[in-house]
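Report on the following structure.
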There are 2 protein chains.
Amino acid sequence: MQTPAQNARLALLLEVAGTPKPGNVDRRRDLADLRFEHFLAGTVGTETGLEMAQDGEPVGRAFERAVKGMAAQGGDNTQFGALLLLVPLVRAAADHERLSPSAVDSIVEETTVADAAGFYRAFDHVDVFVADPPEEMEPLDVRRGSNAVPELEDRGLTLSDVMDRSVPGDDVAREWGEGFERSFAAADRLVEAGGPATDRAASVFLSLLADRPDTLVANRSGEDVAREVSERADELVARNALETDRDAVESFAADLVDRGINPGTTADVTAAGLYIALERGEIEV
Amino acid sequence: MQTPAQNARLALLLEVAGTPKPGNVDRRRDLADLRFEHFLAGTVGTETGLEMAQDGEPVGRAFERAVKGMAAQGGDNTQFGALLLLVPLVRAAADHERLSPSAVDSIVEETTVADAAGFYRAFDHVDVFVADPPEEMEPLDVRRGSNAVPELEDRGLTLSDVMDRSVPGDDVAREWGEGFERSFAAADRLVEAGGPATDRAASVFLSLLADRPDTLVANRSGEDVAREVSERADELVARNALETDRDAVESFAADLVDRGINPGTTADVTAAGLYIALERGEIEV
């Protein structure tokens, strides 16, 4: 029986190992400056922060510590978004009998201004790609990192408030406001998929990408590209290409890597789904 | 800066990710009943035992705990031999300014009968392939697990004594008596190899296999097979095939997998070398 923090580490490892995961680093693919080994080292680096979440320390502080440890490798940002989902989930699993949407909702609702400050401080440790904020949020641009904390305190925004204001442009933040709906749905799909855990991860990644355009792709490459990628994923899922025409999925993967299109948000939700399924004992390795 | 126990986990992950590692599970290859994901879960399972070694608990008890956690996945034995090297190395790193052969020798020399009992108890948690012992050692066949502990105590054997008696048939045990000579040599080669850590791991694995027949292969498939495999590795190393003729290494790897030949001891020493190089800050990810 693994602890919640250990299951979270295993979820990060299984997520990156799943292949083919079009556009992302996976067991068979590195990107130019971001390699599989950076994700392995990043995962080891998350340990202290995840233990803090499990032991009941404030979510913002645990998240900042997890990000700081994760970033201590040469690939820079490997799992920022995944940790933003995993930290409240680990805390919810540690605090509740069963990891459920209402359990994680209660963690979200309890977040404070200090948690929001921890979230902003996390940006001091790593370069995260984010879109420009709306004008009224400019003083709270996350890229200001800890410099934005005084403004945050003036406005009295909790971490939950900050996440609310990041929707619709960020589907990781959206999970916070929606009871981690897609993460729990991903967990259910992982259970249904059957087979080795890394194959399940690849299959569910593709299905999530088919559901909705990836917000990281939309922010980096534009909404048209994000929609095109999602439509291609949908077409592959519709004809069960992972089973019937794996070459088509592999060539989609190669094409996205060539074009520098990296559906990172979809990977984050996949990792969260893996965690939920592991934590509930619904899949095992 | 990672802790010794964290570096040990990273070493286990980098070792299994290195590819091609002929005959073994690697980033690109699963065996029939032993998959990459089993090594990922096995690594997460080692955490408590490695922390115990780092925190100064007896080597035998830390080893048993690491093995118990490692074995809590569906692939059974993934990293038993590697842990038998890593546990004293982690303890030596935690106790000494610099991780050196003499530092780990002092840990080996301090082992007790209770440590030997912990080693035997570890076999209760997992199936490890070992050769039949010589007749006078039959009551101390490790496959008896904890049932052999009374005999062990009657004879007053320390863990270091037990390792001595396992040579020459086991090159993991041989490391214990030789100041972890091959492990430190592997670390030096990893530094010289250059490039991404997982590529270094693959290159050093092949060079270690070329040096000496793998004792796990010898015990399972006979000494002739072990010698043949080592000679083929040597031929590939001599012409720098990883750089000049990668297909030849890949086809060697495929051939060994087809024949069920698994140079596990060589992988264990590779993991120990990775750990030493990481711990000394000589390679980083």
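Letters for chains follow the order of the structure tokens (A, B, ...), residue numbers begin at 1 for each chain, and ligand numbers begin at 1 in the order shown.
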
Identify every residue of chain A that has at least one atom within 6 Å of any atom of chain B, counting only C-alpha atoms, and report the result as a PDB file with C-alpha atoms, in the first residue's frame.
ATOM      1  CA  ARG A  27       8.859   6.703 -23.185  1.00  0.00           C
ATOM      2  CA  GLN A  73      16.959  19.646 -13.283  1.00  0.00           C
ATOM      3  CA  GLY A  74      18.079  20.856 -16.682  1.00  0.00           C
ATOM      4  CA  VAL A 285       1.010  -1.779 -11.512  1.00  0.00           C
TER       5      VAL A 285
END

Hey, what's within 10 Å of Glu223 in chain A if we count only C-alpha atoms and toss same-chain stuff fewer than 6 positions away? As a PDB file with all heavy atoms, in the first residue's frame, please?
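See selection_34.pdb below for the written result:
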ATOM      1  N   PRO A 213      -9.866  21.202 -27.042  1.00  0.00           N
ATOM      2  CA  PRO A 213      -8.558  21.748 -27.440  1.00  0.00           C
ATOM      3  C   PRO A 213      -7.705  21.979 -26.196  1.00  0.00           C
ATOM      4  O   PRO A 213      -8.215  22.432 -25.164  1.00  0.00           O
ATOM      5  CB  PRO A 213      -8.921  23.063 -28.124  1.00  0.00           C
ATOM      6  CG  PRO A 213     -10.333  22.893 -28.583  1.00  0.00           C
ATOM      7  CD  PRO A 213     -10.985  22.005 -27.556  1.00  0.00           C
ATOM      8  N   ASP A 214      -6.429  21.661 -26.304  1.00  0.00           N
ATOM      9  CA  ASP A 214      -5.497  21.817 -25.177  1.00  0.00           C
ATOM     10  C   ASP A 214      -5.220  23.307 -24.961  1.00  0.00           C
ATOM     11  O   ASP A 214      -4.839  24.020 -25.889  1.00  0.00           O
ATOM     12  CB  ASP A 214      -4.212  21.063 -25.513  1.00  0.00           C
ATOM     13  CG  ASP A 214      -3.228  21.048 -24.355  1.00  0.00           C
ATOM     14  OD1 ASP A 214      -2.518  22.065 -24.168  1.00  0.00           O
ATOM     15  OD2 ASP A 214      -3.183  20.040 -23.648  1.00  0.00           O
ATOM     16  N   THR A 215      -5.353  23.777 -23.725  1.00  0.00           N
ATOM     17  CA  THR A 215      -5.199  25.223 -23.492  1.00  0.00           C
ATOM     18  C   THR A 215      -3.742  25.681 -23.591  1.00  0.00           C
ATOM     19  O   THR A 215      -3.489  26.828 -23.947  1.00  0.00           O
ATOM     20  CB  THR A 215      -5.813  25.677 -22.149  1.00  0.00           C
ATOM     21  OG1 THR A 215      -5.385  24.806 -21.094  1.00  0.00           O
ATOM     22  CG2 THR A 215      -7.328  25.658 -22.223  1.00  0.00           C
ATOM     23  N   LEU A 216      -2.780  24.825 -23.299  1.00  0.00           N
ATOM     24  CA  LEU A 216      -1.384  25.230 -23.494  1.00  0.00           C
ATOM     25  C   LEU A 216      -1.095  25.427 -24.988  1.00  0.00           C
ATOM     26  O   LEU A 216      -0.459  26.408 -25.381  1.00  0.00           O
ATOM     27  CB  LEU A 216      -0.411  24.201 -22.891  1.00  0.00           C
ATOM     28  CG  LEU A 216       1.076  24.554 -23.047  1.00  0.00           C
ATOM     29  CD1 LEU A 216       1.437  25.827 -22.284  1.00  0.00           C
ATOM     30  CD2 LEU A 216       1.969  23.395 -22.588  1.00  0.00           C
ATOM     31  N   VAL A 217      -1.608  24.527 -25.806  1.00  0.00           N
ATOM     32  CA  VAL A 217      -1.437  24.674 -27.257  1.00  0.00           C
ATOM     33  C   VAL A 217      -2.135  25.952 -27.734  1.00  0.00           C
ATOM     34  O   VAL A 217      -1.574  26.714 -28.542  1.00  0.00           O
ATOM     35  CB  VAL A 217      -1.971  23.434 -28.008  1.00  0.00           C
ATOM     36  CG1 VAL A 217      -1.913  23.647 -29.519  1.00  0.00           C
ATOM     37  CG2 VAL A 217      -1.194  22.175 -27.604  1.00  0.00           C
ATOM     38  N   VAL A 229      -5.615  20.206 -33.688  1.00  0.00           N
ATOM     39  CA  VAL A 229      -4.988  19.070 -32.991  1.00  0.00           C
ATOM     40  C   VAL A 229      -6.051  18.204 -32.306  1.00  0.00           C
ATOM     41  O   VAL A 229      -6.029  16.976 -32.381  1.00  0.00           O
ATOM     42  CB  VAL A 229      -3.941  19.586 -31.970  1.00  0.00           C
ATOM     43  CG1 VAL A 229      -3.501  18.482 -31.013  1.00  0.00           C
ATOM     44  CG2 VAL A 229      -2.738  20.182 -32.705  1.00  0.00           C
TER      45      VAL A 229
END

Open item on the list: When DSSP is applied to the backbone of this structure, which of range 135-264 of chain B are assigned alpha helix (DSSP H)? Write them out as a VMD selection string.
Closed with: chain B and resid 149 to 155 159 to 164 171 to 177 181 to 193 197 to 211 215 to 221 223 to 238 241 to 244 246 to 258 264

TODO: Kindly indicate which residue among A:Ser166, A:Thr48, A:Ser221, A:Asn77 lies nearest to Asp132 in chain A, using only C-alpha atoms for the distances.
DONE: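 Closest candidate: A:Ser166.
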
Task: Exercise: Lys21 in chain A partners within 8 Å, only C-alpha atoms, chain neighbours under 6 positions left out, as a list in words - done: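 That gives Ala202, Phe205, Leu206 and Ala253 of chain A.
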
Keeping only C-alpha atoms, write those residues as a PDB file, in the first residue's frame.
ATOM      1  CA  ALA A 202      -1.596   6.846 -23.662  1.00  0.00           C
ATOM      2  CA  PHE A 205      -4.382  11.106 -23.034  1.00  0.00           C
ATOM      3  CA  LEU A 206      -5.596  10.818 -26.628  1.00  0.00           C
ATOM      4  CA  ALA A 253       2.896  12.221 -32.623  1.00  0.00           C
TER       5      ALA A 253
END
